[in-house]
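Participant: Here's a structure for you.
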Amino acid sequence: MTAIQIDSVEKSYKGFKALKGVSLSIEEGEFFGLLGPNGAGKTTLISTIAGLIRPDAGSVRIHGHDVVREFRDARMRLGVVPQELVFDPFFTVRETLRLQSGYFGIRNNDAWIDEVMHNLDLTNKADVNMRALSGGMKRRVLVAQALVHKPPVIVLDEPTAGVDVELRQTLWKFIARLNREGHTVVLTTHYLEEAQAMCQRVAMLKLGQVVALDTMPALLRRVSGSQLVVHLKSGELPGELRHLVSHDEHDNGHGNKYTLRVNDYSDVEPILARLRQSGAVIDEMQLEQADLEDIFIQIMEGK
């Protein structure tokens, strides 16, 4: 089943087109990354998915329910963790989560609330007033609020922005567990190493349009940016390979180390063959793949 179906969504603000016909589908059980620079349209798209704004054109469906025409059904299936720290200062953590349960018509939800608080390390803060919490603890409560009605689809909008390493590890451990249990997770983040580690598939937005959409392994393979690191025990790098050098180190009589740009594995053998022909002796070599940050920069710069 398709968890989120987005078809030709457009949205403008006073003449500025934030979304320009965005279409994509996110399958049930996926861990999906939605990436892009500031101003790309990510927050507008998430707000549309959450039913907070209405698109000028196109449609969004959550498990088949239109977010505008069937708002209640769509919203019951969705949990959203917003970027902003929004909270009611008059309630404790447990009271906040009980109220959130009530918004979704759920009674006697304390067992699940306790489990969520335990997994987000909030148990010892259960009876603390929200305004007395640190920013990181408030962020944990936002995550708990999004999960309190056990939504099958979870949207995380910059969930680890400005928080410590402990919260990141706690959050990702719990979210990964929920994903393994079948929950669909949509993540937006500027921490691209998190997206690379967690996401199975990624869409990249630029100026309100999808400019890349692929699985993580395919995305890493199809964009140039790999590097062949070669440590020569003796000999020199042939002149015809010099244009590939992005970095070199001279080891004062112990050989030379070169970092060469390559597109994929097929470029490696011709380089090795030319080194052998020149009489160079390889002491060590390593092929380093481009990471998501390299690819993100290339796509955003249009390379």
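Labeling convention for the structure tokens: chains A, B, ... as they appear, residues from 1 per chain, ligands from 1 in order of appearance.
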Extract, using only C-alpha atoms, all DNA, RNA and protein residues at most 10 Å from Glu84 (chain A), discarding same-chain residues fewer than 3 positions from it, and format them as JSON, numbers by chain.

Facilitator: {"A": [81, 87, 139, 142, 157, 158, 159, 161]}

Participant: I'd like the contact shell of Thr160 (chain A) - 9 Å cut-off, only C-alpha atoms, skipping same-chain residues fewer than 4 positions apart - returned as a list in words.

Facilitator: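 Using only C-alpha atoms, the neighbours found are Gln83, Gly136, Arg139, Asp164, Val165, Leu167, Arg168, Leu171, Thr189 and Tyr191 of chain A.
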
Participant: From the options A:Val186, A:Glu284, A:Met216, A:Thr170, which residue's atoms come nearest to Gln200 (chain A), counting only C-alpha atoms?

Facilitator: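 Using only C-alpha atoms, the shortest distance to Gln200 (chain A) belongs to A:Met216.
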
Participant: Out of region 172-248 of chain A, which residues get alpha helix (DSSP H) from DSSP, as a PDB file with C-alpha atoms, in the first residue's frame?

Facilitator:
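Output contents, as saved in states15.pdb:
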```
ATOM      1  CA  TRP A 172      17.030   7.188  16.152  1.00  0.00           C
ATOM      2  CA  LYS A 173      17.020   3.955  18.120  1.00  0.00           C
ATOM      3  CA  PHE A 174      13.300   4.335  18.855  1.00  0.00           C
ATOM      4  CA  ILE A 175      12.356   5.547  15.356  1.00  0.00           C
ATOM      5  CA  ALA A 176      14.332   2.715  13.747  1.00  0.00           C
ATOM      6  CA  ARG A 177      12.406   0.255  15.922  1.00  0.00           C
ATOM      7  CA  LEU A 178       9.068   1.756  14.857  1.00  0.00           C
ATOM      8  CA  ASN A 179      10.141   1.562  11.218  1.00  0.00           C
ATOM      9  CA  ARG A 180      11.069  -2.115  11.612  1.00  0.00           C
ATOM     10  CA  LEU A 192      22.965  14.530   5.745  1.00  0.00           C
ATOM     11  CA  GLU A 193      24.945  11.825   7.525  1.00  0.00           C
ATOM     12  CA  GLU A 194      21.749  10.999   9.440  1.00  0.00           C
ATOM     13  CA  ALA A 195      19.757  10.773   6.227  1.00  0.00           C
ATOM     14  CA  GLN A 196      22.396   8.561   4.630  1.00  0.00           C
ATOM     15  CA  ALA A 197      22.428   6.222   7.631  1.00  0.00           C
ATOM     16  CA  MET A 198      18.649   5.976   8.064  1.00  0.00           C
ATOM     17  CA  MET A 216      20.084   5.655  -1.414  1.00  0.00           C
ATOM     18  CA  PRO A 217      22.463   3.080  -2.983  1.00  0.00           C
ATOM     19  CA  ALA A 218      21.457   4.080  -6.529  1.00  0.00           C
ATOM     20  CA  LEU A 219      21.866   7.756  -5.712  1.00  0.00           C
ATOM     21  CA  LEU A 220      25.331   7.146  -4.294  1.00  0.00           C
ATOM     22  CA  ARG A 221      26.337   5.140  -7.376  1.00  0.00           C
ATOM     23  CA  ARG A 222      24.983   7.298 -10.162  1.00  0.00           C
TER      24      ARG A 222
END
```

Participant: Would you pick out the contacts of Thr215 (chain A) at 9 Å or less, using only C-alpha atoms, so that residues sharing its chain but fewer than 6 positions from it are not included, and give the list as a VMD selection string?

Facilitator: chain A and resid 199 to 203

Participant: Could you give me, as a ChimeraX atom specification, the residues within 7 Å of Gly235 (chain A), counting only C-alpha atoms and dropping anything in the same chain fewer than 3 positions from it?

Facilitator: /A:232,279-281

Participant: Write the selection just made, keeping N, CA and C atoms, as a compact mmCIF listing (two decimals), in the first residue's frame?

Facilitator:
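Writing the result to out-v7.txt gives the following:
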```
# COMPACT_ATOMS: atom_id res chain seq x y z
N LEU A 232 51.98 4.99 -3.53
CA LEU A 232 53.03 4.36 -4.32
C LEU A 232 54.27 4.12 -3.46
N GLY A 279 55.89 1.40 -14.36
CA GLY A 279 56.84 0.83 -13.42
C GLY A 279 56.59 1.21 -11.98
N ALA A 280 55.53 1.92 -11.70
CA ALA A 280 55.22 2.32 -10.33
C ALA A 280 54.78 1.09 -9.52
N VAL A 281 55.18 1.04 -8.26
CA VAL A 281 54.82 -0.06 -7.37
C VAL A 281 53.82 0.46 -6.34
```

Participant: Where in region 15-263 of chain A does DSSP assign strand (DSSP E or B), given as number ranges by chain?

Facilitator: A: 16-27, 31-35, 57-62, 65-66, 78-81, 92, 129, 153-157, 184-188, 201-206, 209-215, 226-234, 245-250, 256-262

Participant: If we count only C-alpha atoms and set the cut-off at 7 Å, which residues sit around region 285-290 of chain A, ignoring sequence neighbours fewer than 5 positions away in its own chain? Please answer as a list of chain:residue names.

Facilitator: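 Selected residues are A:Leu220, A:Gly225, A:Ser226, A:Gln227, A:Leu228, A:Val229, A:Val230, A:His231, A:Ile295.
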
Participant: Calculated over only C-alpha atoms, which of the candidates A:Met137, A:Val148, A:Leu205, A:Val80 has the smallest distance to Asn108 (chain A)?

Facilitator: A:Val148

Participant: Residues at most 12 Å from Val86 (chain A), counting only C-alpha atoms, excluding those fewer than 5 positions away in the same chain, as a PyMOL selection string?

Facilitator: chain A and resi 81+96+130-131+135+138-143+145

Participant: Put those residues in a file: C-alpha atoms, as a short mmCIF file (atom, residue, chain, number, x, y, z; two decimals), in the first residue's frame.

Facilitator:
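Saved as again-v1.cif:
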```
data_model
loop_
_atom_site.label_atom_id
_atom_site.label_comp_id
_atom_site.auth_asym_id
_atom_site.auth_seq_id
_atom_site.Cartn_x
_atom_site.Cartn_y
_atom_site.Cartn_z
CA VAL A 81 7.21 16.39 14.70
CA THR A 96 0.51 17.07 27.78
CA MET A 130 6.75 21.82 30.38
CA ARG A 131 8.18 25.30 30.92
CA GLY A 135 15.16 22.70 24.91
CA LYS A 138 10.96 19.81 25.01
CA ARG A 139 12.07 18.35 21.67
CA ARG A 140 11.61 14.84 23.10
CA VAL A 141 8.08 15.73 24.23
CA LEU A 142 7.26 16.92 20.67
CA VAL A 143 8.33 13.52 19.37
CA GLN A 145 3.19 13.92 21.09
#
```

Participant: Would you work out the distance separating CA of Gly58 (chain A) from CA of Val9 (chain A), expressed in Å to one decimal?

Facilitator: 4.2 Å

Participant: If we count only C-alpha atoms and set the cut-off at 10 Å, which residues sit around Arg75 (chain A), ignoring sequence neighbours fewer than 2 positions away in its own chain? Please answer as a VMD selection string.

Facilitator: chain A and resid 49 to 51 62 65 to 68 70 to 73 77 to 80 104 151 153

Participant: How far is it from CA of Ile282 (chain A) to CA of Thr259 (chain A), in Å with one decimal?

Facilitator: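 Those two atoms sit 13.2 Å apart.
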
Participant: Rank A:Val128, A:Val155, A:Glu269, A:Glu30 by their smallest atom-to-atom distance to Thr48 (chain A), using only C-alpha atoms, and report the top residue only.

Facilitator: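 Ranking A:Val128, A:Val155, A:Glu269, A:Glu30 by distance to Thr48 (chain A), first place goes to A:Val155.
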
Participant: Hey, which of A:Ala40, A:Leu272, A:Leu207, A:Leu213 ends up closest to Leu237 (chain A)? Count only C-alpha atoms.

Facilitator: A:Leu272
